[in-house]
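**Student:** After the structure tokens below, expect a handful of questions from me.
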Amino acid sequence: MTLANIITIARIILVPVFLVVLLTELENKEIFAFTIFIIASISDALDGYIARKYNQVTDLGKFLDPLADKLLIAGALIALVSIGTIETWVASLIILRELFITSFRYYSLTKDAVFSASFIAKKKTLSQIIAISILIIYSIFPKPFDGYLFDLGIYVLYIALFLTIYSGVEYVVKYSNLIKKS
């Protein structure tokens with residue numbers, strides 16, 4: 001087991017911990033949930049860096065890393081819907097795209113098509129992380145800053161939604177052609 005894969009598995013384990021913290025009545029739960037979410041998000045960059053730098057790229061890592069990302073984002077979105085912070089339709093569109101592209105990614109692996117993240121997809125992930133982070137933590141700030149932060153979080157979430165859909169279409173067009181050729 002490589003260090004990169006251990007970090008990815010730790011990220012997967014952090015998802016239910018994050019959800020339990022965010023969805024309980026724990027005092028200062030937003031701060032704890034925010035911290036866990038940020039650690040899990042940073043671990044995504046860290047495991048990829050370690051895998052590439054130390055030649056630890058594995059088939060298990062190729063499978064688990066995107067799965068861990070999707071679990072974290074989907075879990076956070078579902079929790080934010082559950083506590084009434086975001087609308088169901090926004091979370092649903094993002095999660096459906098993630099499920100579809102993840103399935104498409106695994107299908108492309110069976111056809112030996114290399115499926116790497118595009119520039120837009122990386123910006124999509126970053127905007128999702130920023131939006132979710134803001135929407136987790138906004139309520140601890142005093143008025144009127146909480147309202148401004150909430151509005152900012154929703155604005156960034158809509159940017160993330162646009163990038164999510166755009167990058168999904170981009171993947172399907174690009175990789176459908178690659179799969180047809182292989």
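How things are named: the first chain in the structure tokens is A, the next is B, and so on; residues count from 1 in each chain; ligands count from 1 in the order shown.
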Identify, on the basis of only C-alpha atoms, every residue whose closest approach to stretch 149-164 of chain A does not exceed 9 Å; exclude the query and any residue fewer than 3 positions from it along the same chain; express the result as a PyMOL selection string.
**Tutor:** chain A and resi 85-86+90-91+93-94+97-98+120-121+123-135+137-139+141+144-146+167-169
**Student:** Go ahead and write the selection's residues with N, CA and C atoms as a CSV table (one decimal), in the first residue's frame.
**Tutor:**
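Output (selection-v2.csv):
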chain,number,residue,atom,x,y,z
A,85,THR,N,-29.4,24.8,3.6
A,85,THR,CA,-28.5,25.8,3.1
A,85,THR,C,-28.6,26.0,1.6
A,86,ILE,N,-28.7,24.9,0.9
A,86,ILE,CA,-28.8,25.0,-0.6
A,86,ILE,C,-30.0,24.3,-1.1
A,90,VAL,N,-29.9,22.1,-7.2
A,90,VAL,CA,-28.4,22.5,-7.5
A,90,VAL,C,-27.6,21.3,-7.1
A,91,ALA,N,-27.8,20.7,-5.9
A,91,ALA,CA,-27.0,19.6,-5.5
A,91,ALA,C,-27.3,18.4,-6.4
A,93,LEU,N,-28.1,18.3,-9.6
A,93,LEU,CA,-27.4,18.4,-10.9
A,93,LEU,C,-25.9,18.1,-10.8
A,94,ILE,N,-25.3,18.7,-9.7
A,94,ILE,CA,-23.9,18.5,-9.5
A,94,ILE,C,-23.6,17.0,-9.3
A,97,ARG,N,-24.1,14.8,-12.4
A,97,ARG,CA,-23.0,14.9,-13.4
A,97,ARG,C,-21.8,14.1,-12.9
A,98,GLU,N,-21.5,14.2,-11.6
A,98,GLU,CA,-20.4,13.5,-11.0
A,98,GLU,C,-20.6,12.0,-11.2
A,120,ILE,N,-10.7,22.9,-17.0
A,120,ILE,CA,-12.0,23.4,-16.5
A,120,ILE,C,-12.5,22.5,-15.4
A,121,ALA,N,-12.3,21.2,-15.5
A,121,ALA,CA,-12.7,20.3,-14.4
A,121,ALA,C,-11.9,20.6,-13.1
A,123,LYS,N,-10.9,23.6,-12.2
A,123,LYS,CA,-11.5,24.8,-11.7
A,123,LYS,C,-12.9,24.5,-11.2
A,124,LYS,N,-13.6,23.5,-11.7
A,124,LYS,CA,-14.9,23.1,-11.2
A,124,LYS,C,-14.7,22.6,-9.8
A,125,THR,N,-13.8,21.7,-9.6
A,125,THR,CA,-13.5,21.1,-8.3
A,125,THR,C,-13.2,22.2,-7.3
A,126,LEU,N,-12.3,23.1,-7.7
A,126,LEU,CA,-11.9,24.2,-6.8
A,126,LEU,C,-13.1,25.1,-6.4
A,127,SER,N,-13.9,25.4,-7.4
A,127,SER,CA,-15.1,26.2,-7.1
A,127,SER,C,-16.1,25.5,-6.2
A,128,GLN,N,-16.2,24.2,-6.4
A,128,GLN,CA,-17.1,23.4,-5.5
A,128,GLN,C,-16.6,23.5,-4.1
A,129,ILE,N,-15.3,23.3,-3.9
A,129,ILE,CA,-14.7,23.3,-2.6
A,129,ILE,C,-14.8,24.6,-1.9
A,130,ILE,N,-14.6,25.7,-2.7
A,130,ILE,CA,-14.7,27.1,-2.1
A,130,ILE,C,-16.2,27.3,-1.7
A,131,ALA,N,-17.1,27.0,-2.6
A,131,ALA,CA,-18.5,27.3,-2.3
A,131,ALA,C,-19.0,26.5,-1.1
A,132,ILE,N,-18.7,25.2,-1.0
A,132,ILE,CA,-19.1,24.4,0.1
A,132,ILE,C,-18.4,24.9,1.4
A,133,SER,N,-17.2,25.2,1.3
A,133,SER,CA,-16.5,25.7,2.5
A,133,SER,C,-17.1,27.0,3.1
A,134,ILE,N,-17.5,27.9,2.2
A,134,ILE,CA,-18.1,29.1,2.6
A,134,ILE,C,-19.5,28.8,3.2
A,135,LEU,N,-20.2,27.9,2.6
A,135,LEU,CA,-21.6,27.6,3.0
A,135,LEU,C,-21.6,26.8,4.3
A,137,ILE,N,-19.4,27.5,6.8
A,137,ILE,CA,-18.9,28.3,7.9
A,137,ILE,C,-19.6,29.7,8.0
A,138,TYR,N,-20.3,30.1,7.0
A,138,TYR,CA,-20.9,31.5,7.0
A,138,TYR,C,-21.7,31.8,8.2
A,139,SER,N,-22.4,30.9,8.8
A,139,SER,CA,-23.3,31.2,9.9
A,139,SER,C,-22.7,31.6,11.2
A,141,PHE,N,-20.4,33.8,11.5
A,141,PHE,CA,-20.0,35.2,11.4
A,141,PHE,C,-21.2,36.1,11.9
A,144,PRO,N,-23.8,41.9,9.5
A,144,PRO,CA,-24.4,41.4,8.3
A,144,PRO,C,-23.4,40.5,7.5
A,145,PHE,N,-22.3,40.2,8.1
A,145,PHE,CA,-21.3,39.5,7.4
A,145,PHE,C,-21.7,38.1,7.0
A,146,ASP,N,-22.5,37.4,7.9
A,146,ASP,CA,-23.0,36.1,7.6
A,146,ASP,C,-23.9,36.1,6.3
A,167,SER,N,-17.9,21.2,-17.9
A,167,SER,CA,-16.8,20.2,-18.0
A,167,SER,C,-17.4,18.8,-18.3
A,168,GLY,N,-18.6,18.5,-17.8
A,168,GLY,CA,-19.2,17.2,-18.1
A,168,GLY,C,-19.5,17.0,-19.6
A,169,VAL,N,-20.0,18.1,-20.2
A,169,VAL,CA,-20.2,18.0,-21.7
A,169,VAL,C,-18.8,17.9,-22.4
**Student:** Which residues come within 12 Å of A:Ala10, counting only C-alpha atoms, excluding same-chain residues fewer than 3 positions away, as a ChimeraX atom specification?
**Tutor:** /A:3-7,13-17,36,39-44,46-47,64-65,68-69,72
**Student:** Print the selection's residues with C-alpha atoms to a file, as a tab-separated table (two decimals), in the first residue's frame.
**Tutor:**
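What ended up in part36.tsv:
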chain	number	residue	atom	x	y	z
A	3	LEU	CA	1.45	6.54	0.98
A	4	ALA	CA	-0.69	8.19	-1.70
A	5	ASN	CA	-3.31	5.44	-1.43
A	6	ILE	CA	-3.28	5.64	2.37
A	7	ILE	CA	-4.00	9.38	2.15
A	13	ILE	CA	-12.85	7.80	6.08
A	14	LEU	CA	-13.11	11.54	6.78
A	15	VAL	CA	-16.34	11.82	4.74
A	16	PRO	CA	-18.66	10.16	7.30
A	17	VAL	CA	-16.83	11.93	10.13
A	36	ILE	CA	-12.42	18.39	8.39
A	39	ILE	CA	-8.22	18.76	5.46
A	40	ALA	CA	-9.99	16.27	3.21
A	41	SER	CA	-9.87	18.70	0.28
A	42	ILE	CA	-6.17	19.43	0.74
A	43	SER	CA	-5.45	15.70	1.00
A	44	ASP	CA	-6.72	15.37	-2.58
A	46	LEU	CA	-1.42	15.95	-1.50
A	47	ASP	CA	-2.08	12.36	-2.55
A	64	LEU	CA	-10.11	5.46	-5.28
A	65	ASP	CA	-8.96	9.06	-5.78
A	68	ALA	CA	-13.04	9.88	-2.68
A	69	ASP	CA	-13.51	13.29	-4.31
A	72	LEU	CA	-16.73	14.21	-0.25
**Student:** Mind checking which residues fall within 12 Å of A:Thr102, counting only C-alpha atoms, ignoring those fewer than 2 positions away in the same chain, and posting them as a list in words?
**Tutor:** Lys62, Phe63, Leu64, Asp65, Pro66, Leu67, Ala68, Asp69, Lys70, Leu71, Ile95, Leu96, Arg97, Glu98, Leu99, Phe100, Phe104, Arg105, Tyr106, Tyr107, Ser108, Leu109, Phe115, Ser116, Ala117, Gly168, Tyr171 and Val172 of chain A
**Student:** Could you jot down the atom CA of A:Tyr49 to atom CA of A:Met1 separation for me, Å, one decimal place?
**Tutor:**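 Here the two named atoms are 16.2 Å from each other.
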**Student:** Can you pull out the residues contacting A:Lys29? Cut-off 12 Å, using only C-alpha atoms, and skip same-chain residues under 3 positions away; I want them as a JSON list (two decimals) with C-alpha atoms, in the first residue's frame.
**Tutor:**
[["chain", "number", "residue", "atom", "x", "y", "z"],
["A", 17, "VAL", "CA", -16.83, 11.93, 10.13],
["A", 18, "PHE", "CA", -17.44, 15.26, 8.39],
["A", 19, "LEU", "CA", -21.11, 14.42, 7.83],
["A", 20, "VAL", "CA", -21.72, 13.36, 11.44],
["A", 21, "VAL", "CA", -20.12, 16.55, 12.72],
["A", 22, "LEU", "CA", -22.04, 18.83, 10.34],
["A", 23, "LEU", "CA", -25.40, 17.14, 10.90],
["A", 24, "THR", "CA", -25.29, 17.01, 14.70],
["A", 25, "GLU", "CA", -26.11, 19.64, 17.28],
["A", 26, "LEU", "CA", -22.48, 19.78, 18.41],
["A", 32, "PHE", "CA", -15.12, 21.41, 13.12],
["A", 33, "ALA", "CA", -16.91, 20.43, 9.89],
["A", 34, "PHE", "CA", -15.12, 23.19, 7.97],
["A", 35, "THR", "CA", -11.75, 22.02, 9.31],
["A", 36, "ILE", "CA", -12.42, 18.39, 8.39],
["A", 37, "PHE", "CA", -13.66, 19.41, 4.93],
["A", 136, "ILE", "CA", -20.41, 25.46, 5.92],
["A", 137, "ILE", "CA", -18.87, 28.33, 7.86],
["A", 139, "SER", "CA", -23.33, 31.21, 9.87],
["A", 140, "ILE", "CA", -20.71, 31.68, 12.59]]
**Student:** Please, which residues of stretch 24-166 of chain A, numbered as in this document, come out helix (DSSP H, G or I) from DSSP, as number ranges by chain?
**Tutor:** A: 29-53, 59-82, 88-110, 119-140, 145-166
**Student:** Could you check the closest approach to A:Lys122 for each of A:Gly61, A:Ser82, A:Tyr166, A:Gly75 and tell me which residue wins, using only C-alpha atoms?
**Tutor:**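 Checking each of A:Gly61, A:Ser82, A:Tyr166, A:Gly75 against A:Lys122, counting only C-alpha atoms, the winner is A:Tyr166.
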**Student:** Can you work out the spacing between atom CA of A:Ala51 and atom CA of A:Thr110 in Å, to one decimal?
**Tutor:**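 If I compute the distance from atom CA of A:Ala51 to atom CA of A:Thr110, I get 22.0 Å.
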**Student:** Quick check, in Å to one decimal: how far apart do atom CA of A:Ile9 and atom CA of A:Ile31 lie?
**Tutor:**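 Atom CA of A:Ile31 lies 23.1 Å from atom CA of A:Ile9.
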**Student:** Would you mind telling me which residue in A:Tyr175, A:Thr2, A:Asn28, A:Tyr148 lies nearest to A:Gln56 when using only C-alpha atoms?
**Tutor:**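 For A:Gln56, the nearest of the candidates is A:Thr2.
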